[in-house]
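Structure file model.cif (mmCIF, C-alpha atoms and all ligand atoms) is printed below.
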data_model
loop_
_atom_site.group_PDB
_atom_site.id
_atom_site.type_symbol
_atom_site.label_atom_id
_atom_site.label_comp_id
_atom_site.auth_asym_id
_atom_site.auth_seq_id
_atom_site.Cartn_x
_atom_site.Cartn_y
_atom_site.Cartn_z
ATOM 1 C CA MET O 1 0.000 0.000 0.000
ATOM 2 C CA TYR O 2 1.303 3.437 -0.874
ATOM 3 C CA VAL O 3 1.650 5.690 2.133
ATOM 4 C CA CYS O 4 3.129 8.620 0.219
ATOM 5 C CA VAL O 5 1.637 8.868 -3.240
ATOM 6 C CA CYS O 6 3.669 11.916 -4.234
ATOM 7 C CA LYS O 7 6.973 10.092 -3.703
ATOM 8 C CA ALA O 8 5.710 6.524 -4.260
ATOM 9 C CA VAL O 9 6.703 5.270 -0.810
ATOM 10 C CA SER O 10 4.958 2.110 0.350
ATOM 11 C CA ASP O 11 4.441 0.699 3.820
ATOM 12 C CA THR O 12 6.735 -2.164 2.814
ATOM 13 C CA ARG O 13 9.519 0.291 2.053
ATOM 14 C CA ILE O 14 9.021 2.044 5.383
ATOM 15 C CA LYS O 15 9.182 -1.282 7.220
ATOM 16 C CA ARG O 16 12.358 -2.214 5.372
ATOM 17 C CA LEU O 17 13.963 1.128 6.240
ATOM 18 C CA VAL O 18 13.056 0.619 9.887
ATOM 19 C CA SER O 19 14.661 -2.826 9.815
ATOM 20 C CA GLU O 20 17.776 -1.122 8.424
ATOM 21 C CA GLY O 21 17.875 1.381 11.274
ATOM 22 C CA ALA O 22 15.492 4.240 10.452
ATOM 23 C CA CYS O 23 13.683 5.301 13.598
ATOM 24 C CA THR O 24 12.247 8.756 12.911
ATOM 25 C CA LEU O 25 10.063 10.397 10.318
ATOM 26 C CA ARG O 26 13.073 12.523 9.439
ATOM 27 C CA ASP O 27 15.080 9.357 8.679
ATOM 28 C CA LEU O 28 12.325 8.184 6.332
ATOM 29 C CA SER O 29 12.066 11.557 4.666
ATOM 30 C CA ARG O 30 15.825 11.764 4.179
ATOM 31 C CA GLU O 31 15.863 8.347 2.498
ATOM 32 C CA THR O 32 12.707 8.632 0.409
ATOM 33 C CA ALA O 33 11.592 12.294 0.356
ATOM 34 C CA LEU O 34 8.362 11.094 1.981
ATOM 35 C CA GLY O 35 6.233 14.010 3.120
ATOM 36 C CA THR O 36 8.172 16.655 1.218
ATOM 37 C CA CYS O 37 5.520 17.449 -1.383
ATOM 38 C CA CYS O 38 1.933 17.898 -0.166
ATOM 39 C CA GLY O 39 2.564 16.419 3.295
ATOM 40 C CA ILE O 40 -0.833 14.735 3.547
ATOM 41 C CA CYS O 41 0.900 11.384 4.097
ATOM 42 C CA VAL O 42 2.690 12.393 7.292
ATOM 43 C CA PRO O 43 0.089 11.088 9.803
ATOM 44 C CA ALA O 44 -0.161 7.737 7.985
ATOM 45 C CA ALA O 45 3.623 7.505 7.699
ATOM 46 C CA ARG O 46 3.945 8.225 11.410
ATOM 47 C CA GLN O 47 1.493 5.386 12.129
ATOM 48 C CA VAL O 48 3.333 2.892 9.906
ATOM 49 C CA LEU O 49 6.641 3.968 11.454
ATOM 50 C CA SER O 50 5.281 3.480 14.959
ATOM 51 C CA GLU O 51 3.950 0.011 14.146
ATOM 52 C CA ALA O 52 7.204 -0.985 12.435
ATOM 53 C CA LEU O 53 9.276 0.195 15.400
ATOM 54 C CA SER O 54 7.027 -1.731 17.789
ATOM 55 C CA ALA O 55 7.556 -4.883 15.756
ATOM 56 C CA GLN O 56 11.352 -4.598 15.895
ATOM 57 C CA PRO O 57 13.143 -7.052 18.169
ATOM 58 C CA ILE O 58 15.061 -5.450 21.006
ATOM 59 C CA ARG O 59 18.810 -5.829 20.565
ATOM 60 C CA LEU O 60 21.081 -5.935 23.571
ATOM 61 C CA SER O 61 23.252 -3.289 21.927
ATOM 62 C CA ASP O 62 20.229 -0.935 21.955
ATOM 63 C CA LEU O 63 20.153 -1.254 25.724
ATOM 64 C CA GLY O 64 23.818 -0.517 26.131
ATOM 65 C CA ALA O 65 24.383 -4.057 27.342
ATOM 66 C CA ARG O 66 27.820 -5.566 27.166
ATOM 67 C CA ALA O 67 28.788 -9.146 26.631
ATOM 68 C CA PRO O 68 29.040 -11.006 29.938
ATOM 69 C CA MET O 69 32.508 -11.038 31.399
ATOM 70 C CA THR O 70 34.278 -14.344 31.577
ATOM 71 C CA ALA O 71 36.308 -15.479 34.564
ATOM 72 C CA ALA O 72 39.504 -14.918 32.574
ATOM 73 C CA ALA O 73 38.505 -11.341 31.736
ATOM 74 C CA ALA O 74 37.469 -10.484 35.294
HETATM 75 S S1 LIG Y 1 1.488 12.105 -0.296
HETATM 76 FE FE1 LIG Y 1 3.432 12.289 0.657
HETATM 77 S S2 LIG Y 1 4.109 14.266 0.156
HETATM 78 FE FE2 LIG Y 1 2.193 14.074 -0.861
#

Output the file's structure in the form of structure tokens.
Ligand code: FES
Amino acid sequence: MYVCVCKAVSDTRIKRLVSEGACTLRDLSRETALGTCCGICVPAARQVLSEALSAQPIRLSDLGARAPMTAAAA
């Protein structure tokens, strides 16, 4: 489904960009120009972005976690 008709950006593309690290509307706009023409797509894009971020698995690196120390390293 197209979210941004002006720039031909689909929900699938937004989800892919989120999986590649995009996490803000600005990130999406920088990559696709989404929302830079008429702007009517912005609320829908924000919704798709929010859902895509919620579906992302949490990575330990996102939490600032470090690998457990071993006895030799301690
Ligand atoms: S529909 Fe996205 S800028 Fe017009």

Practice prompt. Let me know the residues the PyMOL selection byres (((not hetatm)) within 9 of (chain Y and resi 1)) catches in the file above, as a ChimeraX atom specification.
Written response: /O:2-9,33-42,45

Can you write just those residues out, C-alpha atoms, as a short mmCIF file (atom, residue, chain, number, x, y, z; two decimals), keeping the file's coordinate frame?
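Once written, part.cif looks like this:
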data_model
loop_
_atom_site.label_atom_id
_atom_site.label_comp_id
_atom_site.auth_asym_id
_atom_site.auth_seq_id
_atom_site.Cartn_x
_atom_site.Cartn_y
_atom_site.Cartn_z
CA TYR O 2 1.30 3.44 -0.87
CA VAL O 3 1.65 5.69 2.13
CA CYS O 4 3.13 8.62 0.22
CA VAL O 5 1.64 8.87 -3.24
CA CYS O 6 3.67 11.92 -4.23
CA LYS O 7 6.97 10.09 -3.70
CA ALA O 8 5.71 6.52 -4.26
CA VAL O 9 6.70 5.27 -0.81
CA ALA O 33 11.59 12.29 0.36
CA LEU O 34 8.36 11.09 1.98
CA GLY O 35 6.23 14.01 3.12
CA THR O 36 8.17 16.66 1.22
CA CYS O 37 5.52 17.45 -1.38
CA CYS O 38 1.93 17.90 -0.17
CA GLY O 39 2.56 16.42 3.30
CA ILE O 40 -0.83 14.74 3.55
CA CYS O 41 0.90 11.38 4.10
CA VAL O 42 2.69 12.39 7.29
CA ALA O 45 3.62 7.50 7.70
#

Fill in: Pick from O:Gly64, O:Arg30, O:Arg13, O:Val18, whichever lies nearest to O:Glu51 using only C-alpha atoms
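Nearest candidate to O:Glu51 out of O:Gly64, O:Arg30, O:Arg13, O:Val18: O:Val18.
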
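For stretch 53-55 of chain O, the non-local neighbours within 10 Å, defined as residues at least 2 positions apart in the same chain or in other chains and counting all atoms listed in the file, are Lys15, Val18, Ser19, Gly21, Ala22, Cys23, Thr24, Gln47, Val48, Leu49, Ser50, Glu51, Pro57 and Ile58 of chain O.
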
Writer output for current selection, C-alpha atoms, as a PDB file, in the coordinates of the input:
ATOM      1  CA  LYS O  15       9.182  -1.282   7.220  1.00  0.00           C
ATOM      2  CA  VAL O  18      13.056   0.619   9.887  1.00  0.00           C
ATOM      3  CA  SER O  19      14.661  -2.826   9.815  1.00  0.00           C
ATOM      4  CA  GLY O  21      17.875   1.381  11.274  1.00  0.00           C
ATOM      5  CA  ALA O  22      15.492   4.240  10.452  1.00  0.00           C
ATOM      6  CA  CYS O  23      13.683   5.301  13.598  1.00  0.00           C
ATOM      7  CA  THR O  24      12.247   8.756  12.911  1.00  0.00           C
ATOM      8  CA  GLN O  47       1.493   5.386  12.129  1.00  0.00           C
ATOM      9  CA  VAL O  48       3.333   2.892   9.906  1.00  0.00           C
ATOM     10  CA  LEU O  49       6.641   3.968  11.454  1.00  0.00           C
ATOM     11  CA  SER O  50       5.281   3.480  14.959  1.00  0.00           C
ATOM     12  CA  GLU O  51       3.950   0.011  14.146  1.00  0.00           C
ATOM     13  CA  PRO O  57      13.143  -7.052  18.169  1.00  0.00           C
ATOM     14  CA  ILE O  58      15.061  -5.450  21.006  1.00  0.00           C
TER      15      ILE O  58
END

Fill in: Interatomic distance, atom CA of O:Gln56 to atom CA of O:Asp27 (Å, one decimal)
16.1 Å

Response to the item:
Counting all atoms listed in the file, closest pick from O:Ser10, O:Leu17, O:Thr32, O:Leu25 relative to O:Arg46 is O:Leu25
